[in-house]
Amino acid sequence: MIKITLPDGSGREYNSSVTALKVAEDISPELAEEAICAEVNNKPVDLNYPIDTDSTVVIHTFKNDKGKEVYWHSTAHLMAQAVKQLFPDVKIAIGPAIEQGFYYDFDRDEPFTEEDLQKIETRMKELSAKALPYYRTELSKAEAIELFSKMDETYKLELLEDIPENEIISSYRQGDFIDLCRGPHLPDTGKIKAIKLLRTSGAYWRGDEKNKMLKRIYGISFPTEKELADYLHFLEEASKRDHRKLGKDLDLFSINDEVGPGLVLWHPKGAMVRHLIETYWKEEHLKKGYQLVYTPHLGRANLWETSGHLNFYKENMYSKMDIDGQDYYIKPMNCPFHISIYNSSLHSYRELPIRLAELGTVYRYERSGVLHGLMRVRGFTQDDAHIICTPEQMDREVDKLIVFSLDMLKAFGFKEFLIYLATKPEDCVGEKEDWDKATASLANSLQKLGLEYKVDSGGGAFYGPKIDIKIKDALGRAWQCTTIQFDFNEPERFDMIYIGGDNSAHRPYMIHRAVLGSVERFFATLLEYHSGNLPLWLAPVQIMLIPITDAQINYARKIEEQLLEQGFRCELDSRSEKMGYKIRSAEKNKIPFMCILGKNEAANNQITLRQHTVGDLGAMNWEEAIAILRKEL
RNA sequence: GCCGAUGUAGCUCAAAGGUAGAGCAAUUGAUUUGUAAUCAAUAGGUUGGGGGUUCAAUUCCCUUCAUCGGCUCCA
């Protein structure tokens, strides 16, 4: 008797060996139809995996992430099969599922063209129609090497090299296609109903730019055509939210060829939003005991030698400039300046922690291919601060910082965050014990606050481990905002000290942090998050005054003056156009409120409000209107 | 930097080996309008830059710059 336990705690009994598929069939025909793979005693397996002992069984469908992953991974195999049939000379590399779909890397001299993608997609559909079963075969390492040598799949052989001798290796075959793969997979290719190959790109073998660049094809698939159509619709909608498009449409910023790539021009409306963000930022920091500072954009070579940047950060720094025979560098970071401020006088332990904050504009060389709107630029303003404290104060400061960061991001409307703990990279300064201690301290803070996080192994800065908080853009790509970095490099290098209670000099700890990350990136993410519909307090123009005829222009001017007096940002549309035209124009510019003023309003001393995307709010007196506006702030 | 695609008016897009056209926006005039586009006229371009092929290039070729999608790298 074999006892099967299901996730809801219910159980089923079988007389002899049973498969996950059979269990699914016994639960419901729908589940059997939708089933993709299973987990038996927490081990991912194919649906036809024989279960011989008492087990817990979970059936995965496309509705959950594990099911999706297997579904897409199986589609990647299907694509590779189609590619091998159409282009027998290509060598296959790797083809995993990703967050939205899958890709497969191929070694081929010619690029894949649009027409190639079409052909591959068509062939995939033909292969899917045949409902070819995915067969699993287990082999020894020697057998696997023999198999893939015969097929001359050199990349697979390279992967095999890294697998330990005694490990059982599996391969999967559907039709004429065999791939080295851990699995599990779909029962057959017929489950893959709707397929779209999305784009091609180059990708380095094993993600290392020293290796050969392979040709990658990205795609996605779904169990129904409708889901595919919905996904493609989502992509279209997302591109409307792209901050680069909104920036142009709403006249917020531009990046100009003549000025230079990666260098941002903030137009008046964008600058207003930035001003509002920065003002709020400064106020909040003052409340948290930060002190504002300003520092220069250049510094002597000496300074950057002391800080270590010329050693560890040189490839991101612009070339030196000569001033009176001395070498200077434009700053890629603010820390040496903040430290210089700290070091300008002697500090007692009673003064600590000292928190120096600056909206500091830095310039970093970014390789041409990585620039991306405002998300990745060459000149940007960090909302930077350095916290200098005693070792005992360190943990508490980190705790406060995490809370402060999340509160600040929430104030701008964000709700979902991805938190990472980035650990020691290979190229770095400092002792291993210090790294371990600091990393443990950061992890401890996250755990204490009950926050979920992932470990980004080797992702730390050269001077210390860090906590990063990321926010997603319109297309689901994550961008780093908050970074909290421990730095035990610079206090040493700059010989920072404080006088302790024992009347002797001690080395302080230093935390380097940015909450928004960079104002540019944060602004871009904010725009995308709100689809350009900024909340009232951040809208560059809050109210558009719309007189219905020229006869109401004077009345509109009076209202405009009163609104300005109350601190609202408004504009008057005095063009000789019909009201509908002016409303359309204000709606398209995503202005939160419109104030419609016709002869009725003028006669009764009233205001008619219209709210963006909501519509007409009706006529009202001044106090009512102000109350509505205030409520939205 | 690497792989691929793209570059035409302020914006969105057409056309084409014989020197470019529309809609929106802009300007001017008429219109004075009640909740998402009033009508008309005008103006706007060295087709990203440079070079080559050709009687002729914006179209074909080379090169360079930039943008877009990825890779690597990062706030």
# chains A, B, ... in the order shown; residues from 1 in each chain; ligands from 1
>>> select_by_dssp(residues="range 16-199 of chain A", states="strand (DSSP E)", output="JSON, numbers by chain")
{"A": [18, 19, 37, 38, 39, 40, 43, 44, 45, 50, 51, 55, 56, 57, 58, 59, 60, 91, 92, 97, 98, 101, 102, 103, 104, 105, 106, 107, 135, 136, 137, 138, 139, 169, 170, 171, 172, 173, 174, 177, 178, 179, 180, 194, 195, 196, 197, 198, 199]}
>>> interface_residues(of="chain A", to="chain B", cutoff="6 Å", atoms="only C-alpha atoms (C1' of nucleotides)", output="MDAnalysis selection string")
chainID A and resid 201:204 209 517:518 549 578 581 584
>>> residues_around(residues="range 238-248 of chain A", least_positions_apart="3", cutoff="12 Å", atoms="only C-alpha atoms (C1' of nucleotides)", output="MDAnalysis selection string")
(chainID A and resid 231:235 251:256 264:271 273 372:376 472:477 520:534 588:590) or (chainID B and resid 10:12 67:68)
>>> residues_around(residues="Glu351 in chain A", least_positions_apart="6", cutoff="10 Å", atoms="only C-alpha atoms (C1' of nucleotides)", output="number ranges by chain")
A: 388-389, 498-499
>>> write_last_selection(atoms="N, CA and C atoms", output="short mmCIF file (atom, residue, chain, number, x, y, z; two decimals), in the first residue's frame")
data_model
loop_
_atom_site.label_atom_id
_atom_site.label_comp_id
_atom_site.auth_asym_id
_atom_site.auth_seq_id
_atom_site.Cartn_x
_atom_site.Cartn_y
_atom_site.Cartn_z
N ILE A 388 28.78 58.16 10.07
CA ILE A 388 30.01 57.83 10.77
C ILE A 388 29.64 57.58 12.22
N CYS A 389 29.94 56.38 12.69
CA CYS A 389 29.48 56.03 14.03
C CYS A 389 30.49 55.14 14.74
N TYR A 498 37.93 59.16 16.11
CA TYR A 498 37.18 59.95 17.08
C TYR A 498 37.82 59.68 18.44
N ILE A 499 37.63 60.63 19.35
CA ILE A 499 38.19 60.45 20.69
C ILE A 499 37.13 59.79 21.56
#
>>> atom_distance(atom1="CA of Tyr342 in chain A", atom2="CA of Met496 in chain A")
7.9 Å
>>> residues_around(residues="Gln174 in chain A", least_positions_apart="3", cutoff="12 Å", atoms="only C-alpha atoms (C1' of nucleotides)", output="number ranges by chain")
A: 74-75, 77-82, 127-128, 130-137, 171, 177-179, 185-190
>>> residues_around(residues="range 411-426 of chain A", least_positions_apart="2", cutoff="6 Å", atoms="only C-alpha atoms (C1' of nucleotides)", output="list in words")
Met408, Leu409, Cys428, Tyr453, Lys454, Val455, Asp456, Ser457, Gly458, Gly459, Gly460, Pro465, Lys466, Ile467, Asp468, Ile469, Lys470 and Ile471 of chain A
>>> atom_distance(atom1="CA of Leu633 in chain A", atom2="CA of Ile277 in chain A")
14.1 Å
>>> select_by_dssp(residues="range 314-343 of chain A", states="alpha helix (DSSP H)", output="PyMOL selection string")
chain A and resi 335-343
>>> write_last_selection(atoms="C-alpha atoms", output="compact mmCIF listing (two decimals), in the first residue's frame")
# COMPACT_ATOMS: atom_id res chain seq x y z
CA CYS A 335 32.59 59.85 -0.10
CA PRO A 336 36.10 61.35 -0.12
CA PHE A 337 34.61 64.82 0.21
CA HIS A 338 32.31 63.88 3.05
CA ILE A 339 35.21 62.25 4.82
CA SER A 340 37.29 65.38 4.29
CA ILE A 341 34.55 67.35 6.00
CA TYR A 342 34.58 64.90 8.91
CA ASN A 343 38.36 65.07 9.11
>>> residues_around(residues="Ala627 in chain A", least_positions_apart="6", cutoff="12 Å", atoms="only C-alpha atoms (C1' of nucleotides)", output="list in words")
Gln566, Leu609, Met620, Asn621 and Leu633 of chain A
>>> atom_distance(atom1="C1' of G49 in chain B", atom2="C1' of U63 in chain B")
10.4 Å
>>> closest_residue(among="A:Arg367, A:Arg108, A:Lys331, A:Lys288", to="Ile354 in chain A", atoms="only C-alpha atoms")
A:Lys288
